[in-house]
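J.: Dropping in start24.pdb, which is PDB, C-alpha atoms:
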```
MODEL        1
ATOM      1  CA  MET A  15     106.105 118.369 106.484
ATOM      2  CA  LYS A  16     108.724 116.694 108.637
ATOM      3  CA  THR A  17     110.700 113.921 106.948
ATOM      4  CA  PRO A  18     110.970 110.638 108.849
ATOM      5  CA  GLN A  19     114.258 109.733 110.464
ATOM      6  CA  THR A  20     115.973 107.011 108.441
ATOM      7  CA  ASP A  21     119.468 106.963 109.931
ATOM      8  CA  ASP A  22     118.535 104.779 112.902
ATOM      9  CA  PRO A  23     119.887 101.266 112.225
ATOM     10  CA  ARG A  24     117.447  99.693 114.735
ATOM     11  CA  ILE A  25     114.651 100.188 112.211
ATOM     12  CA  TYR A  26     116.449  98.114 109.612
ATOM     13  CA  TYR A  27     117.525  95.461 112.120
ATOM     14  CA  THR A  28     113.909  95.134 113.224
ATOM     15  CA  ILE A  29     112.683  94.722 109.658
ATOM     16  CA  VAL A  30     115.341  92.091 108.924
ATOM     17  CA  SER A  31     114.604  90.189 112.146
ATOM     18  CA  VAL A  32     110.843  90.154 111.495
ATOM     19  CA  SER A  33     111.505  88.910 107.947
ATOM     20  CA  ALA A  34     113.746  86.140 109.265
ATOM     21  CA  LEU A  35     111.108  85.230 111.835
ATOM     22  CA  LEU A  36     108.488  85.000 109.085
ATOM     23  CA  CYS A  37     110.672  82.682 107.024
ATOM     24  CA  PHE A  38     111.435  80.544 110.072
ATOM     25  CA  ALA A  39     107.751  80.319 111.054
ATOM     26  CA  PHE A  40     106.668  79.280 107.580
ATOM     27  CA  LEU A  41     109.467  76.723 107.196
ATOM     28  CA  LEU A  42     108.871  75.255 110.660
ATOM     29  CA  THR A  43     105.106  74.909 110.576
ATOM     30  CA  ASN A  44     104.219  75.292 106.896
ATOM     31  CA  SER A  45     101.269  77.322 108.155
ATOM     32  CA  PHE A  46      99.840  80.295 106.338
ATOM     33  CA  TRP A  47      97.902  81.394 109.429
ATOM     34  CA  LEU A  48     100.889  81.438 111.762
ATOM     35  CA  THR A  49     102.926  83.368 109.216
ATOM     36  CA  THR A  50     100.088  85.865 108.739
ATOM     37  CA  ALA A  51      99.673  86.315 112.506
ATOM     38  CA  ILE A  52     103.401  86.914 112.926
ATOM     39  CA  MET A  53     103.372  89.414 110.083
ATOM     40  CA  LEU A  54     100.427  91.378 111.513
ATOM     41  CA  LEU A  55     101.648  91.344 115.096
ATOM     42  CA  GLY A  56     105.182  92.152 113.965
ATOM     43  CA  GLY A  57     103.770  95.145 112.139
ATOM     44  CA  LEU A  58     102.388  96.411 115.439
ATOM     45  CA  HIS A  59     105.893  96.285 116.892
ATOM     46  CA  LEU A  60     107.430  97.953 113.830
ATOM     47  CA  ALA A  61     104.949 100.813 114.144
ATOM     48  CA  ARG A  62     106.971 102.223 117.036
ATOM     49  CA  HIS A  63     109.483 103.482 114.484
ATOM     50  CA  PHE A  64     106.857 105.295 112.381
ATOM     51  CA  PRO A  65     105.197 108.188 114.243
ATOM     52  CA  HIS A  66     101.997 108.488 112.193
ATOM     53  CA  ILE A  67     101.199 104.807 112.488
ATOM     54  CA  GLU A  68     102.127 104.808 116.178
ATOM     55  CA  GLU A  69      99.577 107.586 116.818
ATOM     56  CA  PHE A  70      96.884 105.412 115.233
ATOM     57  CA  ILE A  71      97.822 102.372 117.318
ATOM     58  CA  VAL A  72      98.068 104.311 120.587
ATOM     59  CA  ALA A  73      94.556 105.669 120.005
ATOM     60  CA  ASP A  74      93.074 102.146 119.944
ATOM     61  CA  PRO A  75      93.309 100.148 123.204
ATOM     62  CA  LEU A  76      92.647  96.852 121.407
ATOM     63  CA  LEU A  77      95.740  97.272 119.229
ATOM     64  CA  ILE A  78      97.811  98.079 122.299
ATOM     65  CA  TRP A  79      96.654  94.832 123.933
ATOM     66  CA  PHE A  80      97.406  92.880 120.756
ATOM     67  CA  ARG A  81     100.914  94.347 120.861
ATOM     68  CA  ARG A  82     101.369  93.406 124.516
ATOM     69  CA  LEU A  83      99.983  89.886 124.107
ATOM     70  CA  SER A  84     101.604  89.113 120.760
ATOM     71  CA  PRO A  85     104.138  86.584 122.166
ATOM     72  CA  VAL A  86     101.321  84.667 123.878
ATOM     73  CA  ILE A  87      99.184  84.747 120.727
ATOM     74  CA  ILE A  88     102.049  83.454 118.567
ATOM     75  CA  ILE A  89     102.949  80.685 121.017
ATOM     76  CA  GLY A  90      99.276  79.686 121.229
ATOM     77  CA  ILE A  91      98.860  79.486 117.453
ATOM     78  CA  PHE A  92     102.161  77.623 117.144
ATOM     79  CA  ALA A  93     101.139  75.082 119.802
ATOM     80  CA  MET A  94      97.745  74.561 118.184
ATOM     81  CA  ILE A  95      99.285  73.974 114.753
ATOM     82  CA  MET A  96     101.896  71.576 116.133
ATOM     83  CA  LEU A  97      99.170  69.611 117.957
ATOM     84  CA  ILE A  98      97.059  69.422 114.797
ATOM     85  CA  ASN A  99     100.064  68.220 112.796
ATOM     86  CA  TYR A 100     100.928  65.676 115.489
ATOM     87  CA  TYR A 101      97.416  64.195 115.606
ATOM     88  CA  GLN A 102      97.063  64.071 111.810
ATOM     89  CA  ARG A 103      99.937  61.598 111.489
TER      90      ARG A 103
ENDMDL
END
```
Would you give me this structure, written as structure tokens?

T.:
Amino acid sequence: MKTPQTDDPRIYYTIVSVSALLCFAFLLTNSFWLTTAIMLLGGLHLARHFPHIEEFIVADPLLIWFRRLSPVIIIGIFAMIMLINYYQR
């Protein structure tokens, strides 16, 4: 069995940046749903660094579209949550 490549620093930078984005999203909106969406969609982007998971994602066209549209999905959820918070005041 081939061992995964772990000497690429981009993998670790990606994990750190997604973690920082999760913290920022939760602190900014205090929303469990936005944080969960960012975590799931960020996982789709992290899968590029893990070949077995990438094969699974490439085989499903819906997951590929979720990966492509993830910025739009996140912005949409963020806007919806900010509007709800604005109108609840």

J.: Give me the residues near A:His63 as a ChimeraX atom specification, where near means some atom within 12 Å (using only C-alpha atoms) and where sequence neighbours in that chain fewer than 5 positions away do not count.

T.: /A:18-29,57-58,68-69

J.: Just want the 10 Å neighbourhood of A:Leu36, counted on all atoms listed in the file, with same-chain residues fewer than 4 positions away dropped. Output as a PyMOL selection string.

T.: chain A and resi 30-32+40-42+48-53+56

J.: Apply the PyMOL selection byres ((chain A and resi 73-89) around 7) to the displayed file and report the matching residues as a ChimeraX atom specification.

T.: /A:52,55,58-59,69-72,90-93

J.: Figure out the distance between atom CA of A:Gln102 and atom CA of A:Trp47, please, to one decimal in Å.

T.: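 Taking atom CA of A:Trp47 as the start and atom CA of A:Gln102 as the end point, the length is 17.5 Å.
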
J.: Provide the atom CA of A:Met96 to atom CA of A:Phe38 distance in Å, to one decimal place.

T.: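 Interatomic distance, atom CA of A:Met96 to atom CA of A:Phe38: 14.4 Å.
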
J.: Mind pulling up the distance from atom CA of A:Ser45 to atom CA of A:Ile98?

T.: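 So the answer is 11.1 Å.
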
J.: Give the padded box for stretch 18-34 of chain A as lines of an AutoDock Vina configuration file: axis-aligned, covering all atoms listed in the file, 6 Å on each side, centre and edge lengths in Å to one decimal.

T.:
```
center_x = 115.4
center_y = 98.4
center_z = 111.3
size_x = 21.0
size_y = 36.5
size_z = 18.8
```
